[in-house]
$ cat work_25.cif   # mmCIF, N, CA and C atoms
data_input
loop_
_atom_site.label_atom_id
_atom_site.label_comp_id
_atom_site.auth_asym_id
_atom_site.auth_seq_id
_atom_site.Cartn_x
_atom_site.Cartn_y
_atom_site.Cartn_z
N SER J 243 3.66 60.07 -68.85
CA SER J 243 4.49 58.90 -68.63
C SER J 243 5.52 58.79 -69.74
N LEU J 244 6.60 58.11 -69.44
CA LEU J 244 7.65 57.86 -70.42
C LEU J 244 8.06 56.41 -70.34
N VAL J 245 8.04 55.74 -71.49
CA VAL J 245 8.53 54.37 -71.60
C VAL J 245 9.66 54.43 -72.63
N PRO J 246 10.92 54.48 -72.16
CA PRO J 246 12.03 54.78 -73.07
C PRO J 246 12.42 53.67 -74.03
N GLN J 247 11.96 52.45 -73.83
CA GLN J 247 12.37 51.30 -74.65
C GLN J 247 13.86 51.08 -74.47
N SER J 248 14.64 51.01 -75.55
CA SER J 248 16.07 50.75 -75.37
C SER J 248 16.86 51.59 -76.36
N ASP J 249 18.14 51.73 -76.05
CA ASP J 249 19.07 52.41 -76.93
C ASP J 249 19.77 51.33 -77.74
N GLN J 250 19.60 51.34 -79.04
CA GLN J 250 20.17 50.29 -79.89
C GLN J 250 21.67 50.15 -79.71
N SER J 251 22.34 51.26 -79.43
CA SER J 251 23.79 51.20 -79.25
C SER J 251 24.18 50.67 -77.88
N GLY J 252 23.22 50.71 -76.93
CA GLY J 252 23.50 50.28 -75.57
C GLY J 252 24.27 51.30 -74.77
N GLU J 253 24.44 52.50 -75.32
CA GLU J 253 25.26 53.51 -74.66
C GLU J 253 24.46 54.55 -73.87
N TRP J 254 23.23 54.78 -74.23
CA TRP J 254 22.37 55.77 -73.55
C TRP J 254 23.09 57.10 -73.38
N LYS J 255 23.57 57.64 -74.51
CA LYS J 255 24.29 58.92 -74.46
C LYS J 255 23.38 60.11 -74.73
N THR J 256 22.09 59.93 -74.64
CA THR J 256 21.16 61.03 -74.90
C THR J 256 20.99 61.89 -73.65
N ASP J 257 20.25 62.94 -73.78
CA ASP J 257 19.96 63.83 -72.67
C ASP J 257 18.67 63.44 -71.95
N LEU J 258 18.29 62.18 -72.06
CA LEU J 258 17.04 61.70 -71.46
C LEU J 258 16.96 62.06 -69.99
N GLN J 259 18.02 61.84 -69.24
CA GLN J 259 17.98 62.11 -67.80
C GLN J 259 17.71 63.58 -67.50
N ASP J 260 18.11 64.47 -68.40
CA ASP J 260 17.87 65.90 -68.18
C ASP J 260 16.41 66.27 -68.31
N LEU J 261 15.61 65.40 -68.89
CA LEU J 261 14.18 65.68 -69.07
C LEU J 261 13.29 65.02 -68.02
N LEU J 262 13.88 64.23 -67.13
CA LEU J 262 13.08 63.44 -66.20
C LEU J 262 12.25 64.27 -65.23
N TYR J 263 12.66 65.50 -64.96
CA TYR J 263 11.86 66.34 -64.06
C TYR J 263 10.49 66.67 -64.66
N LEU J 264 10.35 66.48 -65.95
CA LEU J 264 9.08 66.72 -66.64
C LEU J 264 8.15 65.51 -66.63
N VAL J 265 8.67 64.36 -66.18
CA VAL J 265 7.96 63.09 -66.29
C VAL J 265 7.28 62.73 -64.97
N ASP J 266 5.99 62.43 -65.01
CA ASP J 266 5.28 61.99 -63.81
C ASP J 266 5.64 60.56 -63.45
N VAL J 267 5.76 59.70 -64.45
CA VAL J 267 6.11 58.30 -64.19
C VAL J 267 7.00 57.78 -65.32
N LEU J 268 8.11 57.17 -64.94
CA LEU J 268 9.01 56.51 -65.88
C LEU J 268 8.78 55.02 -65.72
N ILE J 269 8.47 54.34 -66.81
CA ILE J 269 8.26 52.89 -66.78
C ILE J 269 9.32 52.25 -67.66
N ALA J 270 10.14 51.39 -67.05
CA ALA J 270 11.23 50.75 -67.79
C ALA J 270 11.53 49.40 -67.18
N SER J 271 12.18 48.56 -67.96
CA SER J 271 12.61 47.26 -67.43
C SER J 271 13.82 47.46 -66.53
N GLU J 272 14.12 46.46 -65.73
CA GLU J 272 15.29 46.51 -64.86
C GLU J 272 16.56 46.73 -65.68
N GLU J 273 16.68 46.01 -66.78
CA GLU J 273 17.84 46.15 -67.65
C GLU J 273 17.96 47.58 -68.19
N GLU J 274 16.86 48.15 -68.65
CA GLU J 274 16.88 49.51 -69.18
C GLU J 274 17.28 50.53 -68.12
N VAL J 275 16.76 50.36 -66.90
CA VAL J 275 17.09 51.29 -65.81
C VAL J 275 18.59 51.24 -65.50
N LEU J 276 19.14 50.04 -65.43
CA LEU J 276 20.57 49.91 -65.15
C LEU J 276 21.41 50.51 -66.27
N MET J 277 21.00 50.28 -67.51
CA MET J 277 21.77 50.79 -68.65
C MET J 277 21.66 52.31 -68.76
N MET J 278 20.47 52.87 -68.60
CA MET J 278 20.32 54.32 -68.81
C MET J 278 20.98 55.14 -67.71
N THR J 279 21.20 54.54 -66.54
CA THR J 279 21.83 55.27 -65.44
C THR J 279 23.33 55.02 -65.37
N HIS J 280 23.84 54.08 -66.13
CA HIS J 280 25.25 53.72 -66.15
C HIS J 280 25.75 53.25 -64.78
N VAL J 281 24.85 52.65 -64.01
CA VAL J 281 25.24 52.10 -62.71
C VAL J 281 25.97 50.78 -62.96
N GLU J 282 27.11 50.63 -62.36
CA GLU J 282 27.90 49.41 -62.53
C GLU J 282 27.23 48.23 -61.84
N GLY J 283 27.35 47.06 -62.42
CA GLY J 283 26.79 45.85 -61.81
C GLY J 283 25.28 45.82 -61.93
N SER J 284 24.66 45.28 -60.90
CA SER J 284 23.20 45.11 -60.95
C SER J 284 22.54 45.74 -59.72
N ASP J 285 23.02 46.90 -59.29
CA ASP J 285 22.48 47.59 -58.12
C ASP J 285 21.27 48.43 -58.54
N LEU J 286 20.12 47.77 -58.57
CA LEU J 286 18.90 48.43 -59.02
C LEU J 286 18.53 49.61 -58.13
N ASP J 287 18.70 49.46 -56.82
CA ASP J 287 18.36 50.56 -55.91
C ASP J 287 19.21 51.80 -56.20
N ALA J 288 20.49 51.60 -56.50
CA ALA J 288 21.36 52.73 -56.84
C ALA J 288 20.90 53.38 -58.15
N ALA J 289 20.51 52.57 -59.11
CA ALA J 289 20.05 53.10 -60.39
C ALA J 289 18.75 53.90 -60.22
N ILE J 290 17.84 53.39 -59.41
CA ILE J 290 16.59 54.13 -59.15
C ILE J 290 16.90 55.43 -58.44
N ALA J 291 17.85 55.41 -57.52
CA ALA J 291 18.23 56.64 -56.80
C ALA J 291 18.74 57.71 -57.77
N VAL J 292 19.49 57.30 -58.80
CA VAL J 292 19.97 58.24 -59.81
C VAL J 292 18.78 58.90 -60.50
N LEU J 293 17.78 58.12 -60.86
CA LEU J 293 16.62 58.67 -61.56
C LEU J 293 15.81 59.60 -60.65
N LEU J 294 15.67 59.23 -59.40
CA LEU J 294 14.95 60.10 -58.46
C LEU J 294 15.72 61.39 -58.20
N GLU J 295 17.05 61.31 -58.18
CA GLU J 295 17.86 62.52 -58.01
C GLU J 295 17.68 63.48 -59.18
N LYS J 296 17.33 62.94 -60.34
CA LYS J 296 17.05 63.77 -61.52
C LYS J 296 15.63 64.32 -61.48
N ARG J 297 14.96 64.15 -60.37
CA ARG J 297 13.61 64.65 -60.07
C ARG J 297 12.50 63.93 -60.82
N CYS J 298 12.76 62.70 -61.24
CA CYS J 298 11.68 61.87 -61.76
C CYS J 298 10.76 61.56 -60.57
N LYS J 299 9.48 61.79 -60.72
CA LYS J 299 8.56 61.68 -59.59
C LYS J 299 8.27 60.24 -59.16
N LEU J 300 8.16 59.34 -60.15
CA LEU J 300 7.85 57.95 -59.86
C LEU J 300 8.58 57.07 -60.87
N VAL J 301 9.33 56.10 -60.37
CA VAL J 301 10.05 55.16 -61.22
C VAL J 301 9.40 53.79 -61.06
N VAL J 302 8.92 53.23 -62.16
CA VAL J 302 8.30 51.91 -62.16
C VAL J 302 9.22 50.99 -62.96
N VAL J 303 9.61 49.88 -62.32
CA VAL J 303 10.57 48.97 -62.94
C VAL J 303 9.93 47.60 -63.09
N THR J 304 9.88 47.12 -64.34
CA THR J 304 9.38 45.77 -64.58
C THR J 304 10.54 44.80 -64.39
N ARG J 305 10.21 43.63 -63.80
CA ARG J 305 11.26 42.66 -63.48
C ARG J 305 10.90 41.27 -63.96
N GLY J 306 10.15 41.17 -65.06
CA GLY J 306 9.80 39.88 -65.63
C GLY J 306 9.04 39.02 -64.65
N LYS J 307 9.47 37.78 -64.48
CA LYS J 307 8.75 36.85 -63.61
C LYS J 307 8.80 37.25 -62.13
N MET J 308 9.61 38.26 -61.79
CA MET J 308 9.68 38.73 -60.41
C MET J 308 8.70 39.87 -60.16
N GLY J 309 7.89 40.23 -61.14
CA GLY J 309 6.89 41.27 -60.95
C GLY J 309 7.42 42.65 -61.26
N ALA J 310 7.05 43.61 -60.42
CA ALA J 310 7.44 45.00 -60.66
C ALA J 310 7.55 45.74 -59.34
N ILE J 311 8.31 46.83 -59.38
CA ILE J 311 8.40 47.71 -58.23
C ILE J 311 8.17 49.13 -58.69
N ALA J 312 7.75 49.97 -57.78
CA ALA J 312 7.61 51.39 -58.05
C ALA J 312 8.22 52.12 -56.86
N VAL J 313 8.93 53.21 -57.16
CA VAL J 313 9.62 53.95 -56.11
C VAL J 313 9.46 55.44 -56.37
N SER J 314 9.10 56.16 -55.30
CA SER J 314 9.10 57.62 -55.31
C SER J 314 10.09 58.07 -54.25
N LEU J 315 10.21 59.35 -54.04
CA LEU J 315 11.12 59.83 -52.99
C LEU J 315 10.68 59.39 -51.60
N THR J 316 9.39 59.12 -51.43
CA THR J 316 8.89 58.81 -50.08
C THR J 316 8.36 57.40 -49.91
N ASP J 317 8.10 56.68 -51.00
CA ASP J 317 7.46 55.37 -50.88
C ASP J 317 8.07 54.35 -51.83
N ARG J 318 7.83 53.08 -51.50
CA ARG J 318 8.26 51.96 -52.35
C ARG J 318 7.13 50.93 -52.34
N TRP J 319 6.78 50.43 -53.52
CA TRP J 319 5.75 49.42 -53.67
C TRP J 319 6.35 48.24 -54.43
N GLU J 320 5.93 47.04 -54.09
CA GLU J 320 6.37 45.84 -54.82
C GLU J 320 5.15 45.00 -55.13
N GLN J 321 5.17 44.39 -56.31
CA GLN J 321 4.04 43.56 -56.73
C GLN J 321 4.57 42.31 -57.42
N PRO J 322 4.26 41.13 -56.89
CA PRO J 322 4.64 39.90 -57.61
C PRO J 322 3.75 39.75 -58.84
N THR J 323 4.12 38.87 -59.71
CA THR J 323 3.29 38.61 -60.88
C THR J 323 2.81 37.16 -60.84
N LYS J 324 1.77 36.90 -61.59
CA LYS J 324 1.20 35.57 -61.68
C LYS J 324 2.14 34.68 -62.51
N ALA J 325 2.43 33.50 -62.00
CA ALA J 325 3.27 32.56 -62.75
C ALA J 325 2.54 32.15 -64.03
N ARG J 326 3.25 32.21 -65.14
CA ARG J 326 2.67 31.89 -66.44
C ARG J 326 3.62 31.05 -67.25
N GLN J 327 3.06 30.23 -68.12
CA GLN J 327 3.85 29.56 -69.14
C GLN J 327 4.17 30.62 -70.19
N VAL J 328 5.45 30.92 -70.38
CA VAL J 328 5.83 31.97 -71.32
C VAL J 328 5.84 31.42 -72.73
N VAL J 329 5.00 32.01 -73.58
CA VAL J 329 4.95 31.66 -75.00
C VAL J 329 5.81 32.63 -75.79
N ASP J 330 5.67 33.92 -75.51
CA ASP J 330 6.40 34.96 -76.23
C ASP J 330 6.37 36.23 -75.39
N THR J 331 7.48 36.90 -75.25
CA THR J 331 7.52 38.12 -74.43
C THR J 331 7.24 39.39 -75.24
N THR J 332 7.03 39.25 -76.54
CA THR J 332 6.74 40.42 -77.38
C THR J 332 5.51 41.15 -76.86
N GLY J 333 5.66 42.41 -76.59
CA GLY J 333 4.53 43.24 -76.16
C GLY J 333 4.26 43.21 -74.67
N ALA J 334 4.99 42.41 -73.91
CA ALA J 334 4.71 42.31 -72.47
C ALA J 334 4.95 43.63 -71.75
N GLY J 335 6.02 44.32 -72.11
CA GLY J 335 6.31 45.61 -71.47
C GLY J 335 5.26 46.65 -71.81
N ASP J 336 4.82 46.66 -73.05
CA ASP J 336 3.77 47.59 -73.46
C ASP J 336 2.45 47.26 -72.76
N ALA J 337 2.15 45.97 -72.64
CA ALA J 337 0.93 45.55 -71.93
C ALA J 337 1.01 45.96 -70.47
N PHE J 338 2.19 45.77 -69.85
CA PHE J 338 2.37 46.20 -68.46
C PHE J 338 2.12 47.70 -68.34
N ALA J 339 2.74 48.49 -69.22
CA ALA J 339 2.59 49.95 -69.16
C ALA J 339 1.13 50.37 -69.29
N ALA J 340 0.42 49.76 -70.22
CA ALA J 340 -1.00 50.09 -70.40
C ALA J 340 -1.79 49.74 -69.15
N GLY J 341 -1.55 48.55 -68.61
CA GLY J 341 -2.25 48.14 -67.39
C GLY J 341 -1.91 49.02 -66.21
N PHE J 342 -0.62 49.34 -66.05
CA PHE J 342 -0.22 50.21 -64.94
C PHE J 342 -0.91 51.56 -65.03
N LEU J 343 -0.85 52.18 -66.20
CA LEU J 343 -1.44 53.51 -66.36
C LEU J 343 -2.95 53.48 -66.14
N TYR J 344 -3.60 52.43 -66.62
CA TYR J 344 -5.04 52.30 -66.39
C TYR J 344 -5.34 52.20 -64.90
N GLY J 345 -4.66 51.29 -64.21
CA GLY J 345 -4.92 51.10 -62.78
C GLY J 345 -4.54 52.29 -61.94
N TRP J 346 -3.45 52.94 -62.28
CA TRP J 346 -2.97 54.11 -61.53
C TRP J 346 -3.91 55.29 -61.73
N CYS J 347 -4.27 55.54 -62.98
CA CYS J 347 -5.15 56.69 -63.27
C CYS J 347 -6.57 56.46 -62.77
N GLN J 348 -7.02 55.22 -62.79
CA GLN J 348 -8.37 54.89 -62.35
C GLN J 348 -8.57 55.20 -60.87
N ALA J 349 -7.57 54.85 -60.06
CA ALA J 349 -7.74 54.98 -58.61
C ALA J 349 -6.76 55.97 -57.98
N GLY J 350 -5.81 56.48 -58.76
CA GLY J 350 -4.79 57.35 -58.20
C GLY J 350 -3.91 56.62 -57.20
N ASP J 351 -3.79 55.30 -57.38
CA ASP J 351 -3.09 54.44 -56.43
C ASP J 351 -2.03 53.63 -57.16
N VAL J 352 -0.78 53.81 -56.75
CA VAL J 352 0.33 53.10 -57.38
C VAL J 352 0.18 51.59 -57.24
N SER J 353 -0.25 51.13 -56.08
CA SER J 353 -0.44 49.68 -55.88
C SER J 353 -1.44 49.12 -56.88
N ASN J 354 -2.51 49.82 -57.10
CA ASN J 354 -3.51 49.40 -58.08
C ASN J 354 -2.91 49.35 -59.48
N GLY J 355 -2.08 50.33 -59.80
CA GLY J 355 -1.41 50.33 -61.10
C GLY J 355 -0.51 49.12 -61.27
N LEU J 356 0.24 48.78 -60.21
CA LEU J 356 1.12 47.61 -60.29
C LEU J 356 0.34 46.32 -60.45
N ILE J 357 -0.79 46.21 -59.77
CA ILE J 357 -1.62 45.01 -59.90
C ILE J 357 -2.10 44.85 -61.35
N TYR J 358 -2.66 45.91 -61.91
CA TYR J 358 -3.13 45.85 -63.29
C TYR J 358 -1.96 45.64 -64.27
N GLY J 359 -0.85 46.33 -64.03
CA GLY J 359 0.30 46.19 -64.92
C GLY J 359 0.83 44.76 -64.95
N CYS J 360 1.01 44.18 -63.76
CA CYS J 360 1.53 42.80 -63.70
C CYS J 360 0.54 41.82 -64.31
N ALA J 361 -0.74 42.04 -64.09
CA ALA J 361 -1.75 41.14 -64.67
C ALA J 361 -1.72 41.21 -66.20
N CYS J 362 -1.63 42.41 -66.75
CA CYS J 362 -1.60 42.56 -68.21
C CYS J 362 -0.30 42.00 -68.80
N GLY J 363 0.82 42.25 -68.13
CA GLY J 363 2.09 41.70 -68.60
C GLY J 363 2.08 40.19 -68.59
N ALA J 364 1.53 39.59 -67.52
CA ALA J 364 1.46 38.13 -67.42
C ALA J 364 0.55 37.55 -68.51
N ALA J 365 -0.56 38.22 -68.77
CA ALA J 365 -1.47 37.74 -69.82
C ALA J 365 -0.79 37.83 -71.19
N ALA J 366 0.01 38.87 -71.40
CA ALA J 366 0.66 39.07 -72.70
C ALA J 366 1.67 37.97 -73.02
N VAL J 367 2.41 37.49 -72.02
CA VAL J 367 3.44 36.48 -72.31
C VAL J 367 2.83 35.11 -72.58
N GLY J 368 1.55 34.94 -72.32
CA GLY J 368 0.88 33.66 -72.54
C GLY J 368 0.40 33.46 -73.96
N GLN J 369 0.65 34.41 -74.84
CA GLN J 369 0.22 34.26 -76.24
C GLN J 369 1.33 34.70 -77.19
N MET J 370 1.23 34.27 -78.42
CA MET J 370 2.24 34.58 -79.42
C MET J 370 1.99 35.97 -79.99
N GLY J 371 3.04 36.78 -80.03
CA GLY J 371 2.96 38.10 -80.64
C GLY J 371 2.38 39.14 -79.70
N GLY J 372 2.50 40.39 -80.10
CA GLY J 372 2.04 41.48 -79.25
C GLY J 372 0.87 42.25 -79.81
N SER J 373 0.17 41.71 -80.82
CA SER J 373 -0.89 42.49 -81.44
C SER J 373 -2.30 41.95 -81.19
N HIS J 374 -2.41 40.86 -80.45
CA HIS J 374 -3.73 40.31 -80.17
C HIS J 374 -4.28 40.91 -78.87
N PRO J 375 -5.59 41.10 -78.81
CA PRO J 375 -6.17 41.58 -77.55
C PRO J 375 -5.89 40.58 -76.41
N LEU J 376 -5.70 41.12 -75.23
CA LEU J 376 -5.47 40.25 -74.07
C LEU J 376 -6.79 39.64 -73.63
N PRO J 377 -6.81 38.35 -73.35
CA PRO J 377 -8.05 37.71 -72.90
C PRO J 377 -8.47 38.27 -71.53
N PRO J 378 -9.66 38.85 -71.41
CA PRO J 378 -10.10 39.46 -70.14
C PRO J 378 -10.07 38.47 -68.97
N GLU J 379 -10.34 37.21 -69.23
CA GLU J 379 -10.35 36.23 -68.14
C GLU J 379 -8.95 35.94 -67.61
N GLU J 380 -7.93 36.37 -68.32
CA GLU J 380 -6.55 36.14 -67.86
C GLU J 380 -5.93 37.38 -67.20
N ILE J 381 -6.70 38.44 -67.12
CA ILE J 381 -6.19 39.67 -66.50
C ILE J 381 -6.74 39.77 -65.08
#
$ encode --input "work_25.cif" --output "structure tokens"
Amino acid sequence: SLVPQSDQSGEWKTDLQDLLYLVDVLIASEEEVLMMTHVEGSDLDAAIAVLLEKRCKLVVVTRGKMGAIAVSLTDRWEQPTKARQVVDTTGAGDAFAAGFLYGWCQAGDVSNGLIYGCACGAAAVGQMGGSHPLPPEEI
């Protein structure tokens, strides 16, 4: 898996896209996907298409309070997230990635990965900071 984070310059001038054929799953926020593909406006589907054309096998996009989506060449999955009082978003993307990978690897099912990812991301925004364990009762 690859979680690219962000390019501090906002330019994404690296050769990241040239390496995507080596990646089983790319996990990024909607903003990161739009920026790394240089797609004008907010056409997320066009940006995902660019990544799939680069032979990335599975693109998982976090969308904050709108949940997450995952797209392959043949399938599309969508998962809403649990409404939460947002205390701090620090670590939410990392929590999502950990939950997604756990759920996906456990069952080999993208839907299961999205469920776990959204649950972990939602639990993470309910607490201050990104270094505390997530409360199991909130996942």
$ closest_residue --input "work_25.cif" --among "J:Val329, J:Val265, J:Ile290, J:Ala365" --to "J:Met277" --atoms "only C-alpha atoms"
J:Ile290
$ residues_around --input "work_25.cif" --residues "J:Phe342" --least-positions-apart "4" --cutoff "9 Å" --atoms "only C-alpha atoms" --output "PyMOL selection string"
chain J and resi 337-338+346-347+352+354-360+362
$ closest_residue --input "work_25.cif" --among "J:Val281, J:Val367, J:Glu274, J:Ala361" --to "J:Gln327" --atoms "only N, CA and C atoms"
J:Val367
$ atom_distance --input "work_25.cif" --atom1 "atom CA of J:Val313" --atom2 "atom CA of J:Thr331"
24.3 Å
$ select_by_dssp --input "work_25.cif" --residues "stretch 265-352 of chain J" --states "strand (DSSP E)" --output "PyMOL selection string"
chain J and resi 268-271+301-304+310-313+318-321
$ resolve_selection --input "work_25.cif" --expression "the PyMOL selection byres ((chain J and resi 272) around 7)" --output "PyMOL selection string"
chain J and resi 270-271+273-277+303-306
$ closest_atom_pairs --input "work_25.cif" --of "stretch 272-311 of chain J" --to "stretch 321-325 of chain J" --cutoff "7 Å" --atoms "all atoms listed in the file" --output "tab-separated table"
residue	atom	partner	partner_atom	distance
J:Gly306	C	J:Thr323	CA	6.9
J:Lys307	C	J:Thr323	N	5.5
J:Met308	C	J:Thr323	N	4.7
J:Gly309	CA	J:Thr323	N	3.9
J:Ala310	C	J:Gln321	N	4.1
J:Ile311	CA	J:Gln321	N	5.0
